[in-house]
Amino acid sequence: MKEIIYIQAGNFANHIGTHFWNTQESYFTFGEEEDSNQQSSVAHDISFREGVSTDRRTETFCPRLLIFDQKDNFGTLARNNALYHDLETEDTDNEEIMQIDVIQRAGIEKSDYQKHLDLEVNYRHSSEESTENRSENPFPQPEDVRYWSDYNRVFYLPRSLHTVSQSQTWRKAERTELINNVTEDSFRHFAEECDLLQGIISTFDTSTFGPLSLSLLEHIRDDFPKLPLLSSLCLEEPTMGIVAVDDTRRALSIVVDAAILGNLLVWSHSLTVPLQPPSTWMLDSVAHPLSLKLGSRFHTSAVLSCHLESVTFPQRARSTLVDLDTFCRRMNWREDTPLVNISGCLPIHAAAFKSSPIVLQDFSSWGRPVRRASSLSGRIVGRGIPALVTDDEVVKALPNEFSFPLVDINRYQAYPIPDSFPQFFGPAAQLSAPVRMVSCIASLEARSHMYQPLLQMADFVNQFAKRGQVDNESVVEMFGGGREELRDLSENLRQIGENWAGGGWDDTEEEYEGE
(Lines give C-alpha, C1' and ligand atoms only; values in the text may rest on other atoms or scores of the structure.)
Protein backbone atom coordinates (compact mmCIF):
# COMPACT_ATOMS: atom_id res chain seq x y z
CA MET A 1 0.00 0.00 0.00
CA LYS A 2 1.23 3.51 -0.86
CA GLU A 3 0.71 5.68 2.20
CA ILE A 4 0.39 9.44 2.65
CA ILE A 5 1.49 11.49 5.66
CA TYR A 6 -0.61 14.58 6.41
CA ILE A 7 0.49 17.81 8.11
CA GLN A 8 -1.82 20.50 9.54
CA ALA A 9 -0.54 23.69 11.15
CA GLY A 10 -2.55 26.63 12.42
CA ASN A 11 -6.04 27.28 13.73
CA PHE A 12 -7.91 27.64 10.43
CA ALA A 13 -5.96 24.77 8.84
CA ASN A 14 -6.98 22.54 11.73
CA HIS A 15 -10.63 23.54 11.30
CA ILE A 16 -10.33 22.40 7.67
CA GLY A 17 -8.50 19.25 8.74
CA THR A 18 -11.08 18.36 11.41
CA HIS A 19 -13.86 18.38 8.81
CA PHE A 20 -11.62 16.35 6.47
CA TRP A 21 -10.91 13.62 9.04
CA ASN A 22 -14.53 13.50 10.20
CA THR A 23 -15.46 12.80 6.58
CA GLN A 24 -12.81 10.07 6.33
CA GLU A 25 -14.22 8.50 9.49
CA SER A 26 -17.68 8.44 7.88
CA TYR A 27 -16.38 6.15 5.09
CA PHE A 28 -15.63 3.35 7.55
CA THR A 29 -18.28 0.64 7.38
CA PHE A 30 -17.13 -1.30 10.48
CA GLY A 31 -19.45 -4.28 11.03
CA GLU A 32 -21.31 -3.70 7.77
CA GLU A 33 -18.24 -4.82 5.82
CA GLU A 34 -18.14 -8.17 7.56
CA ASP A 35 -21.89 -8.72 7.20
CA SER A 36 -22.04 -7.96 3.50
CA ASN A 37 -18.54 -9.10 2.51
CA GLN A 38 -18.11 -5.78 0.75
CA GLN A 39 -15.15 -3.49 1.01
CA SER A 40 -15.44 0.20 1.70
CA SER A 41 -15.16 2.38 -1.40
CA VAL A 42 -12.16 4.05 0.24
CA ALA A 43 -8.70 2.54 0.78
CA HIS A 44 -8.29 3.58 4.42
CA ASP A 45 -4.69 2.32 4.71
CA ILE A 46 -3.52 5.24 2.58
CA SER A 47 -4.42 7.84 5.22
CA PHE A 48 -4.82 5.76 8.40
CA ARG A 49 -2.38 3.53 10.23
CA GLU A 50 -3.57 0.33 11.88
CA GLY A 51 -2.49 -0.38 15.43
CA VAL A 52 -3.64 -1.39 18.88
CA SER A 53 -4.54 0.72 21.88
CA THR A 54 -2.16 1.22 24.79
CA ASP A 55 -3.84 -1.57 26.76
CA ARG A 56 -3.32 -3.94 23.78
CA ARG A 57 -7.03 -4.83 23.74
CA THR A 58 -8.49 -2.69 20.95
CA GLU A 59 -7.58 -2.53 17.27
CA THR A 60 -7.35 1.06 16.09
CA PHE A 61 -7.22 3.14 12.92
CA CYS A 62 -5.72 6.58 13.50
CA PRO A 63 -4.76 9.26 10.97
CA ARG A 64 -1.17 9.33 9.78
CA LEU A 65 -1.04 12.97 10.75
CA LEU A 66 1.02 15.72 12.40
CA ILE A 67 -0.99 18.56 13.99
CA PHE A 68 0.56 21.85 15.07
CA ASP A 69 -1.25 24.64 16.88
CA GLN A 70 -0.95 26.92 19.86
CA LYS A 71 -1.96 25.31 23.14
CA ASP A 72 -5.07 27.44 23.65
CA ASN A 73 -6.48 26.31 20.29
CA PHE A 74 -6.58 22.61 21.14
CA GLY A 75 -9.52 23.07 23.49
CA THR A 76 -10.38 19.82 25.26
CA LEU A 77 -8.26 17.68 22.94
CA ALA A 78 -5.36 16.11 24.85
CA ARG A 79 -2.51 13.76 23.99
CA ASN A 80 -4.13 11.08 26.16
CA ASN A 81 -7.48 9.67 25.07
CA ALA A 82 -9.67 6.59 25.48
CA LEU A 83 -7.44 4.54 23.17
CA TYR A 84 -3.96 5.94 23.72
CA HIS A 85 -2.01 7.60 26.47
CA ASP A 86 1.53 8.87 26.35
CA LEU A 87 3.68 6.48 28.36
CA GLU A 88 6.22 9.21 28.98
CA THR A 89 3.75 11.04 31.22
CA GLU A 90 3.71 8.06 33.59
CA ASP A 91 7.44 8.13 34.32
CA THR A 92 7.11 10.74 37.05
CA ASP A 93 8.40 10.32 40.59
CA ASN A 94 5.34 10.54 42.84
CA GLU A 95 7.47 11.63 45.80
CA GLU A 96 8.70 14.61 43.82
CA ILE A 97 5.15 15.59 42.96
CA MET A 98 4.27 15.68 46.68
CA GLN A 99 7.04 18.22 47.31
CA ILE A 100 5.76 20.94 44.94
CA ASP A 101 2.68 23.09 44.76
CA VAL A 102 0.68 22.42 41.59
CA ILE A 103 -1.10 25.39 40.06
CA GLN A 104 -3.73 24.30 37.56
CA ARG A 105 -6.26 26.44 35.76
CA ALA A 106 -9.88 25.39 35.56
CA GLY A 107 -10.50 22.71 32.96
CA ILE A 108 -12.28 23.49 29.71
CA GLU A 109 -15.76 22.05 29.57
CA LYS A 110 -16.51 19.73 26.69
CA SER A 111 -18.84 20.91 23.97
CA ASP A 112 -22.37 19.49 23.85
CA TYR A 113 -21.40 17.61 20.72
CA GLN A 114 -18.46 15.92 22.45
CA LYS A 115 -20.67 15.01 25.41
CA HIS A 116 -23.06 13.24 23.06
CA LEU A 117 -20.18 11.40 21.42
CA ASP A 118 -19.13 10.14 24.86
CA LEU A 119 -22.68 8.91 25.44
CA GLU A 120 -22.59 7.06 22.11
CA VAL A 121 -19.39 5.27 23.17
CA ASN A 122 -21.01 4.31 26.48
CA TYR A 123 -24.10 2.95 24.72
CA ARG A 124 -21.98 0.80 22.40
CA HIS A 125 -20.02 -0.70 25.30
CA SER A 126 -22.89 -1.21 27.75
CA SER A 127 -25.22 -4.20 27.54
CA GLU A 128 -27.45 -2.83 30.29
CA GLU A 129 -28.37 0.49 28.69
CA SER A 130 -31.46 0.62 26.54
CA THR A 131 -31.07 2.25 23.13
CA GLU A 132 -34.64 3.55 23.25
CA ASN A 133 -33.61 6.63 25.22
CA ARG A 134 -30.75 7.58 22.93
CA SER A 135 -31.07 11.09 21.57
CA GLU A 136 -29.71 12.01 18.17
CA ASN A 137 -26.41 13.83 18.27
CA PRO A 138 -27.02 17.60 18.04
CA PHE A 139 -25.52 19.30 15.03
CA PRO A 140 -22.91 21.84 16.19
CA GLN A 141 -23.93 25.45 15.72
CA PRO A 142 -21.39 28.12 14.70
CA GLU A 143 -22.07 30.19 17.82
CA ASP A 144 -21.31 27.17 20.02
CA VAL A 145 -18.00 26.18 18.36
CA ARG A 146 -15.03 27.54 20.34
CA TYR A 147 -12.26 25.23 19.08
CA TRP A 148 -11.82 22.85 16.16
CA SER A 149 -11.76 20.02 18.70
CA ASP A 150 -15.37 20.84 19.69
CA TYR A 151 -16.63 18.84 16.70
CA ASN A 152 -13.77 16.38 16.22
CA ARG A 153 -14.84 12.72 15.82
CA VAL A 154 -11.44 11.04 15.40
CA PHE A 155 -8.91 9.59 17.87
CA TYR A 156 -5.32 10.74 17.29
CA LEU A 157 -2.06 9.16 18.32
CA PRO A 158 -0.21 11.11 21.04
CA ARG A 159 2.67 11.69 18.63
CA SER A 160 0.30 13.44 16.21
CA LEU A 161 -0.36 16.39 18.52
CA HIS A 162 2.20 19.18 18.92
CA THR A 163 1.59 22.37 20.88
CA VAL A 164 3.62 25.33 19.64
CA SER A 165 4.47 28.57 21.39
CA GLN A 166 4.26 31.87 19.52
CA SER A 167 8.03 32.30 19.61
CA GLN A 168 8.53 28.87 18.02
CA THR A 169 6.48 29.92 14.99
CA TRP A 170 8.78 32.85 14.18
CA ARG A 171 12.16 32.62 15.90
CA LYS A 172 14.44 30.52 13.74
CA ALA A 173 16.49 28.95 16.54
CA GLU A 174 13.44 27.82 18.51
CA ARG A 175 11.51 26.46 15.55
CA THR A 176 14.63 24.62 14.32
CA GLU A 177 14.87 22.78 17.64
CA LEU A 178 11.17 21.87 17.50
CA ILE A 179 11.40 20.69 13.89
CA ASN A 180 14.45 18.53 14.58
CA ASN A 181 12.58 16.82 17.41
CA VAL A 182 9.44 16.27 15.32
CA THR A 183 11.20 14.92 12.24
CA GLU A 184 13.47 12.61 14.22
CA ASP A 185 10.61 11.28 16.34
CA SER A 186 6.99 11.63 15.17
CA PHE A 187 7.54 11.96 11.41
CA ARG A 188 10.19 9.24 11.28
CA HIS A 189 7.91 6.84 13.17
CA PHE A 190 5.12 7.42 10.66
CA ALA A 191 7.49 7.10 7.69
CA GLU A 192 9.04 3.86 8.96
CA GLU A 193 5.59 2.31 9.44
CA CYS A 194 4.77 2.84 5.75
CA ASP A 195 5.21 0.07 3.19
CA LEU A 196 5.85 2.70 0.51
CA LEU A 197 5.46 6.37 1.41
CA GLN A 198 3.97 8.08 -1.65
CA GLY A 199 4.00 11.70 -0.48
CA ILE A 200 2.88 14.45 1.88
CA ILE A 201 -0.29 16.54 1.94
CA SER A 202 0.02 19.70 4.03
CA THR A 203 -2.40 22.46 5.00
CA PHE A 204 -1.21 25.44 7.00
CA ASP A 205 -1.93 29.04 7.94
CA THR A 206 0.75 31.15 6.28
CA SER A 207 0.49 34.19 8.54
CA THR A 208 1.08 32.33 11.82
CA PHE A 209 2.58 28.96 10.92
CA GLY A 210 4.11 29.69 7.52
CA PRO A 211 7.77 29.91 8.59
CA LEU A 212 7.51 26.83 10.82
CA SER A 213 5.67 24.77 8.18
CA LEU A 214 8.11 25.74 5.44
CA SER A 215 11.09 24.87 7.64
CA LEU A 216 9.50 21.52 8.50
CA LEU A 217 8.86 20.68 4.84
CA GLU A 218 12.41 21.71 3.90
CA HIS A 219 13.80 19.46 6.64
CA ILE A 220 11.71 16.53 5.38
CA ARG A 221 12.70 17.34 1.81
CA ASP A 222 16.38 17.00 2.76
CA ASP A 223 15.76 13.37 3.77
CA PHE A 224 13.19 12.62 1.02
CA PRO A 225 14.21 14.84 -1.94
CA LYS A 226 11.84 13.24 -4.47
CA LEU A 227 8.81 12.90 -2.22
CA PRO A 228 5.71 14.50 -3.86
CA LEU A 229 4.11 17.34 -1.93
CA LEU A 230 0.62 18.84 -2.19
CA SER A 231 0.30 22.01 -0.09
CA SER A 232 -2.77 24.12 0.62
CA LEU A 233 -1.91 27.59 1.91
CA CYS A 234 -4.49 29.40 4.05
CA LEU A 235 -3.71 33.05 3.26
CA GLU A 236 -4.52 35.93 5.58
CA GLU A 237 -4.27 38.72 3.02
CA PRO A 238 -5.68 38.47 -0.53
CA THR A 239 -2.69 38.16 -2.86
CA MET A 240 -4.46 40.24 -5.51
CA GLY A 241 -5.53 42.91 -3.04
CA ILE A 242 -4.06 46.35 -2.68
CA VAL A 243 -2.02 46.67 0.52
CA ALA A 244 0.23 49.64 1.23
CA VAL A 245 3.90 48.75 1.59
CA ASP A 246 4.14 50.90 4.72
CA ASP A 247 1.25 49.00 6.37
CA THR A 248 3.84 46.86 8.14
CA ARG A 249 1.63 44.14 9.59
CA ARG A 250 -0.36 43.43 6.42
CA ALA A 251 2.67 43.94 4.20
CA LEU A 252 4.69 41.47 6.24
CA SER A 253 1.91 38.90 5.85
CA ILE A 254 2.17 39.18 2.05
CA VAL A 255 5.97 39.00 2.17
CA VAL A 256 5.73 35.80 4.23
CA ASP A 257 3.27 34.37 1.67
CA ALA A 258 5.68 35.33 -1.08
CA ALA A 259 8.60 33.64 0.69
CA ILE A 260 6.63 30.42 1.11
CA LEU A 261 5.52 30.41 -2.52
CA GLY A 262 9.02 31.29 -3.68
CA ASN A 263 10.35 28.17 -1.98
CA LEU A 264 7.55 25.68 -2.64
CA LEU A 265 7.12 26.49 -6.32
CA VAL A 266 10.68 25.53 -7.24
CA TRP A 267 10.38 22.04 -5.76
CA SER A 268 9.90 19.18 -8.18
CA HIS A 269 6.95 16.77 -7.85
CA SER A 270 4.87 19.34 -6.00
CA LEU A 271 1.69 21.38 -6.29
CA THR A 272 0.63 24.42 -4.28
CA VAL A 273 -2.99 25.49 -3.79
CA PRO A 274 -3.51 29.03 -2.44
CA LEU A 275 -6.71 29.48 -0.40
CA GLN A 276 -7.83 33.09 -0.28
CA PRO A 277 -9.42 34.33 2.97
CA PRO A 278 -13.21 33.82 3.15
CA SER A 279 -13.63 37.61 3.33
CA THR A 280 -12.94 37.62 -0.44
CA TRP A 281 -15.66 35.09 -1.27
CA MET A 282 -18.56 36.43 -3.30
CA LEU A 283 -21.90 35.92 -1.55
CA ASP A 284 -23.88 35.84 -4.79
CA SER A 285 -22.14 32.60 -5.83
CA VAL A 286 -21.27 30.96 -2.51
CA ALA A 287 -24.00 31.66 -0.02
CA HIS A 288 -26.87 30.80 -2.35
CA PRO A 289 -28.45 28.43 -1.54
CA LEU A 290 -26.22 27.92 1.52
CA SER A 291 -27.07 29.69 4.77
CA LEU A 292 -23.38 30.45 5.14
CA LYS A 293 -21.82 32.67 7.80
CA LEU A 294 -18.56 33.99 6.39
CA GLY A 295 -17.46 35.08 9.85
CA SER A 296 -17.63 31.51 11.17
CA ARG A 297 -14.50 29.37 10.77
CA PHE A 298 -16.70 26.36 11.45
CA HIS A 299 -18.74 27.19 8.33
CA THR A 300 -16.07 28.42 5.94
CA SER A 301 -13.63 25.62 6.76
CA ALA A 302 -16.39 23.09 6.05
CA VAL A 303 -16.86 24.51 2.53
CA LEU A 304 -13.12 24.41 1.83
CA SER A 305 -12.73 20.94 3.32
CA CYS A 306 -15.52 19.57 1.13
CA HIS A 307 -13.78 20.81 -2.03
CA LEU A 308 -10.28 19.77 -0.96
CA GLU A 309 -11.52 16.35 0.13
CA SER A 310 -13.42 15.88 -3.13
CA VAL A 311 -10.66 16.98 -5.49
CA THR A 312 -8.17 14.65 -3.76
CA PHE A 313 -10.65 11.78 -3.44
CA PRO A 314 -9.10 9.97 -6.49
CA GLN A 315 -6.04 9.34 -4.28
CA ARG A 316 -8.13 7.32 -1.80
CA ALA A 317 -10.97 5.84 -3.84
CA ARG A 318 -10.45 2.14 -4.57
CA SER A 319 -11.92 2.59 -8.05
CA THR A 320 -9.16 5.01 -9.10
CA LEU A 321 -6.24 5.10 -6.59
CA VAL A 322 -4.25 7.83 -8.34
CA ASP A 323 -0.93 8.10 -6.52
CA LEU A 324 0.24 11.55 -5.44
CA ASP A 325 3.17 11.64 -7.86
CA THR A 326 0.90 10.99 -10.86
CA PHE A 327 -1.63 13.45 -9.47
CA CYS A 328 0.99 16.23 -9.33
CA ARG A 329 2.68 15.37 -12.63
CA ARG A 330 -0.56 15.43 -14.63
CA MET A 331 -1.50 18.82 -13.20
CA ASN A 332 1.98 20.22 -13.82
CA TRP A 333 2.96 18.27 -16.94
CA ARG A 334 4.79 21.30 -18.38
CA GLU A 335 6.88 21.47 -15.16
CA ASP A 336 6.53 25.24 -14.82
CA THR A 337 2.91 25.58 -13.60
CA PRO A 338 3.07 24.30 -9.99
CA LEU A 339 0.53 26.83 -8.66
CA VAL A 340 -3.02 25.53 -9.11
CA ASN A 341 -6.48 26.94 -8.59
CA ILE A 342 -9.33 25.27 -6.71
CA SER A 343 -12.98 26.08 -7.31
CA GLY A 344 -16.32 24.36 -6.98
CA CYS A 345 -20.02 24.40 -6.31
CA LEU A 346 -21.78 23.10 -3.18
CA PRO A 347 -24.46 21.88 -3.48
CA ILE A 348 -25.16 21.32 -7.16
CA HIS A 349 -28.26 19.96 -8.85
CA ALA A 350 -28.64 18.04 -12.11
CA ALA A 351 -30.58 20.91 -13.68
CA ALA A 352 -27.51 23.14 -13.35
CA PHE A 353 -25.77 21.26 -16.17
CA LYS A 354 -28.51 22.29 -18.58
CA SER A 355 -27.71 25.99 -18.10
CA SER A 356 -24.18 26.72 -19.24
CA PRO A 357 -21.91 27.84 -17.75
CA ILE A 358 -22.17 27.04 -14.06
CA VAL A 359 -20.82 29.76 -11.78
CA LEU A 360 -18.18 28.17 -9.57
CA GLN A 361 -16.78 29.79 -6.46
CA ASP A 362 -13.10 30.48 -6.97
CA PHE A 363 -11.22 29.86 -3.71
CA SER A 364 -7.75 30.72 -5.03
CA SER A 365 -8.14 34.01 -6.93
CA TRP A 366 -9.07 37.38 -5.52
CA GLY A 367 -11.97 39.23 -7.05
CA ARG A 368 -15.19 38.30 -8.76
CA PRO A 369 -15.64 34.76 -10.09
CA VAL A 370 -14.15 34.19 -13.54
CA ARG A 371 -16.70 32.90 -16.03
CA ARG A 372 -14.22 32.05 -18.79
CA ALA A 373 -10.49 31.35 -18.47
CA SER A 374 -7.99 29.13 -20.21
CA SER A 375 -6.78 26.05 -18.33
CA LEU A 376 -3.70 24.08 -19.24
CA SER A 377 -4.66 21.07 -17.16
CA GLY A 378 -7.36 20.15 -14.72
CA ARG A 379 -8.96 17.53 -12.54
CA ILE A 380 -12.72 17.69 -12.23
CA VAL A 381 -14.41 15.63 -9.53
CA GLY A 382 -18.16 15.22 -9.42
CA ARG A 383 -19.89 13.85 -6.34
CA GLY A 384 -23.38 12.46 -6.77
CA ILE A 385 -23.75 13.71 -10.37
CA PRO A 386 -26.54 11.71 -12.10
CA ALA A 387 -25.40 9.16 -14.67
CA LEU A 388 -27.66 10.82 -17.24
CA VAL A 389 -25.29 13.80 -17.22
CA THR A 390 -22.38 12.85 -19.49
CA ASP A 391 -18.74 13.84 -18.97
CA ASP A 392 -18.96 16.10 -22.02
CA GLU A 393 -21.93 17.91 -20.50
CA VAL A 394 -19.98 18.36 -17.24
CA VAL A 395 -17.01 19.93 -19.03
CA LYS A 396 -19.17 22.16 -21.22
CA ALA A 397 -21.08 23.43 -18.20
CA LEU A 398 -17.91 24.55 -16.41
CA PRO A 399 -16.75 28.15 -16.81
CA ASN A 400 -13.22 27.37 -18.04
CA GLU A 401 -12.02 26.49 -21.53
CA PHE A 402 -9.42 23.75 -21.37
CA SER A 403 -6.85 24.65 -24.00
CA PHE A 404 -5.26 21.19 -23.91
CA PRO A 405 -6.79 17.71 -23.65
CA LEU A 406 -5.14 16.86 -20.33
CA VAL A 407 -8.29 16.97 -18.20
CA ASP A 408 -9.15 14.16 -15.80
CA ILE A 409 -12.79 13.66 -14.87
CA ASN A 410 -13.71 11.48 -11.89
CA ARG A 411 -17.20 10.71 -10.63
CA TYR A 412 -18.03 9.23 -7.26
CA GLN A 413 -20.85 8.83 -4.79
CA ALA A 414 -22.35 11.93 -3.21
CA TYR A 415 -20.36 13.73 -0.53
CA PRO A 416 -21.26 12.33 2.92
CA ILE A 417 -22.39 14.80 5.59
CA PRO A 418 -21.34 13.67 9.10
CA ASP A 419 -23.37 15.01 12.00
CA SER A 420 -20.37 17.22 12.80
CA PHE A 421 -20.81 19.10 9.50
CA PRO A 422 -22.82 22.36 9.39
CA GLN A 423 -26.42 21.99 8.31
CA PHE A 424 -26.31 25.16 6.20
CA PHE A 425 -28.11 23.76 3.15
CA GLY A 426 -30.92 26.31 3.21
CA PRO A 427 -33.04 27.85 5.99
CA ALA A 428 -33.36 25.50 8.97
CA ALA A 429 -37.13 25.87 8.95
CA GLN A 430 -37.26 24.35 5.45
CA LEU A 431 -35.18 21.27 6.35
CA SER A 432 -37.59 18.48 7.21
CA ALA A 433 -34.67 16.16 8.05
CA PRO A 434 -30.88 16.50 8.38
CA VAL A 435 -28.98 16.38 5.09
CA ARG A 436 -26.82 13.23 5.01
CA MET A 437 -25.49 13.29 1.43
CA VAL A 438 -25.01 16.15 -1.00
CA SER A 439 -23.97 16.51 -4.63
CA CYS A 440 -21.10 18.85 -5.43
CA ILE A 441 -18.40 19.49 -7.97
CA ALA A 442 -14.77 20.45 -7.34
CA SER A 443 -12.14 21.49 -9.85
CA LEU A 444 -8.37 21.81 -9.61
CA GLU A 445 -6.78 23.67 -12.53
CA ALA A 446 -3.57 25.26 -13.75
CA ARG A 447 -5.04 28.50 -15.09
CA SER A 448 -3.64 31.08 -17.43
CA HIS A 449 -3.92 34.00 -15.04
CA MET A 450 -2.23 32.32 -12.06
CA TYR A 451 1.16 33.80 -12.99
CA GLN A 452 -0.14 37.34 -12.49
CA PRO A 453 -0.17 37.32 -8.65
CA LEU A 454 3.40 35.98 -8.74
CA LEU A 455 4.56 39.01 -10.72
CA GLN A 456 2.59 41.31 -8.42
CA MET A 457 4.15 39.68 -5.38
CA ALA A 458 7.61 40.06 -6.91
CA ASP A 459 7.02 43.82 -7.33
CA PHE A 460 5.60 44.10 -3.81
CA VAL A 461 8.57 42.33 -2.18
CA ASN A 462 10.98 44.54 -4.12
CA GLN A 463 9.18 47.69 -2.94
CA PHE A 464 9.11 46.32 0.60
CA ALA A 465 12.90 45.95 0.54
CA LYS A 466 13.43 49.42 -0.93
CA ARG A 467 11.30 51.07 1.75
CA GLY A 468 13.72 49.89 4.44
CA GLN A 469 11.31 47.41 6.07
CA VAL A 470 14.07 44.82 6.29
CA ASP A 471 15.00 46.03 9.78
CA ASN A 472 11.78 44.53 11.11
CA GLU A 473 12.69 41.74 13.57
CA SER A 474 10.15 39.34 12.09
CA VAL A 475 11.65 39.79 8.62
CA VAL A 476 15.14 39.04 9.86
CA GLU A 477 13.91 35.94 11.72
CA MET A 478 12.01 34.77 8.63
CA PHE A 479 14.74 35.20 6.03
CA GLY A 480 17.89 34.97 8.11
CA GLY A 481 19.07 38.11 6.35
CA GLY A 482 17.81 41.36 4.95
CA ARG A 483 17.64 43.42 1.79
CA GLU A 484 19.62 41.10 -0.50
CA GLU A 485 17.56 38.05 0.53
CA LEU A 486 14.34 39.92 -0.23
CA ARG A 487 15.68 40.98 -3.63
CA ASP A 488 16.60 37.37 -4.40
CA LEU A 489 13.08 36.33 -3.42
CA SER A 490 11.59 39.00 -5.68
CA GLU A 491 13.74 37.83 -8.59
CA ASN A 492 12.82 34.18 -8.05
CA LEU A 493 9.10 34.95 -8.05
CA ARG A 494 9.46 37.07 -11.18
CA GLN A 495 11.35 34.27 -12.95
CA ILE A 496 8.66 31.72 -12.08
CA GLY A 497 5.92 34.09 -13.27
CA GLU A 498 7.69 34.93 -16.52
CA ASN A 499 8.35 31.26 -17.29
CA TRP A 500 4.66 30.59 -16.72
CA ALA A 501 3.55 33.50 -18.90
CA GLY A 502 5.92 32.48 -21.68
CA GLY A 503 4.11 29.22 -22.34
CA GLY A 504 1.84 30.47 -25.12
CA TRP A 505 -1.28 31.15 -23.10
CA ASP A 506 -4.47 32.72 -24.32
CA ASP A 507 -5.12 35.08 -21.41
CA THR A 508 -8.59 36.13 -22.47
CA GLU A 509 -10.93 36.01 -19.50
CA GLU A 510 -14.45 37.17 -18.86
CA GLU A 511 -15.39 38.45 -15.43
CA TYR A 512 -18.65 37.18 -14.03
CA GLU A 513 -21.19 39.89 -13.53
CA GLY A 514 -23.96 39.13 -11.06
CA GLU A 515 -27.56 39.79 -11.80
# chains A, B, ... in the order shown; residues from 1 in each chain; ligands from 1

$ select_by_dssp --residues "segment 210-320 of chain A" --states "helix (DSSP H, G or I)" --output "ChimeraX atom specification"
/A:210-223,248-264,278-280,283-286,297-311,313-315

$ select_by_dssp --residues "segment 404-464 of chain A" --states "strand (DSSP E or B)" --output "list in words"
Val407, Asp408, Ile409, Asn410, Arg411, Tyr412, Tyr415, Pro416, Met437, Val438, Cys440, Ile441, Ala442, Ser443, Leu444, Glu445, Ala446 and Arg447 of chain A

$ atom_distance --atom1 "atom CA of Ala351 of chain A" --atom2 "atom CA of Leu294 of chain A"
26.8 Å

$ residues_around --residues "Ala352 of chain A" --least-positions-apart "6" --cutoff "10 Å" --atoms "only C-alpha atoms" --output "PyMOL selection string"
chain A and resi 358-359+394+397

$ write_last_selection --atoms "N, CA, C and O atoms" --output "PDB file, in the first residue's frame"
ATOM      1  N   ILE A 358     -21.927  26.995 -15.490  1.00  0.00           N
ATOM      2  CA  ILE A 358     -22.169  27.042 -14.056  1.00  0.00           C
ATOM      3  C   ILE A 358     -21.204  28.054 -13.438  1.00  0.00           C
ATOM      4  O   ILE A 358     -20.040  28.125 -13.817  1.00  0.00           O
ATOM      5  N   VAL A 359     -21.694  28.821 -12.488  1.00  0.00           N
ATOM      6  CA  VAL A 359     -20.824  29.758 -11.782  1.00  0.00           C
ATOM      7  C   VAL A 359     -20.203  29.026 -10.594  1.00  0.00           C
ATOM      8  O   VAL A 359     -20.882  28.617  -9.664  1.00  0.00           O
ATOM      9  N   VAL A 394     -20.629  17.790 -18.434  1.00  0.00           N
ATOM     10  CA  VAL A 394     -19.983  18.357 -17.239  1.00  0.00           C
ATOM     11  C   VAL A 394     -18.940  19.386 -17.649  1.00  0.00           C
ATOM     12  O   VAL A 394     -18.903  20.506 -17.127  1.00  0.00           O
ATOM     13  N   ALA A 397     -20.368  22.591 -19.157  1.00  0.00           N
ATOM     14  CA  ALA A 397     -21.079  23.429 -18.195  1.00  0.00           C
ATOM     15  C   ALA A 397     -20.138  24.234 -17.311  1.00  0.00           C
ATOM     16  O   ALA A 397     -20.552  25.215 -16.691  1.00  0.00           O
TER      17      ALA A 397
END

$ residues_around --residues "segment 152-169 of chain A" --least-positions-apart "2" --cutoff "8 Å" --atoms "only C-alpha atoms" --output "PyMOL selection string"
chain A and resi 18-19+21-22+25+62-71+79-81+83-86+114+117+148-150+171-172+174-175+178+186+208-212+420

$ atom_distance --atom1 "atom CA of Leu455 of chain A" --atom2 "atom CA of Leu275 of chain A"
18.0 Å

$ residues_around --residues "His219 of chain A" --least-positions-apart "6" --cutoff "9 Å" --atoms "only C-alpha atoms" --output "VMD selection string"
chain A and resid 179 to 180 183

$ write_last_selection --atoms "C-alpha atoms" --output "mmCIF file, in the first residue's frame"
data_model
loop_
_atom_site.group_PDB
_atom_site.id
_atom_site.type_symbol
_atom_site.label_atom_id
_atom_site.label_comp_id
_atom_site.auth_asym_id
_atom_site.auth_seq_id
_atom_site.Cartn_x
_atom_site.Cartn_y
_atom_site.Cartn_z
ATOM 1 C CA ILE A 179 11.401 20.689 13.889
ATOM 2 C CA ASN A 180 14.453 18.527 14.583
ATOM 3 C CA THR A 183 11.201 14.919 12.241
#

$ residues_around --residues "His299 of chain A" --least-positions-apart "3" --cutoff "9 Å" --atoms "only C-alpha atoms" --output "PyMOL selection string"
chain A and resi 142+292-296+302-303+421-422+424

$ closest_residue --among "A:Arg318, A:Arg411, A:His189, A:Arg297" --to "Glu143 of chain A" --atoms "only C-alpha atoms"
A:Arg297

$ residues_around --residues "Trp500 of chain A" --least-positions-apart "4" --cutoff "12 Å" --atoms "only C-alpha atoms" --output "list in words"
Leu265, Asn332, Arg334, Glu335, Asp336, Thr337, Pro338, Leu339, Val340, Leu376, Ala446, Arg447, Ser448, His449, Met450, Tyr451, Gln452, Pro453, Leu454, Leu455, Leu493, Arg494, Gln495, Ile496, Gly504, Trp505 and Asp507 of chain A

$ atom_distance --atom1 "atom CA of Arg483 of chain A" --atom2 "atom CA of Gln463 of chain A"
10.6 Å
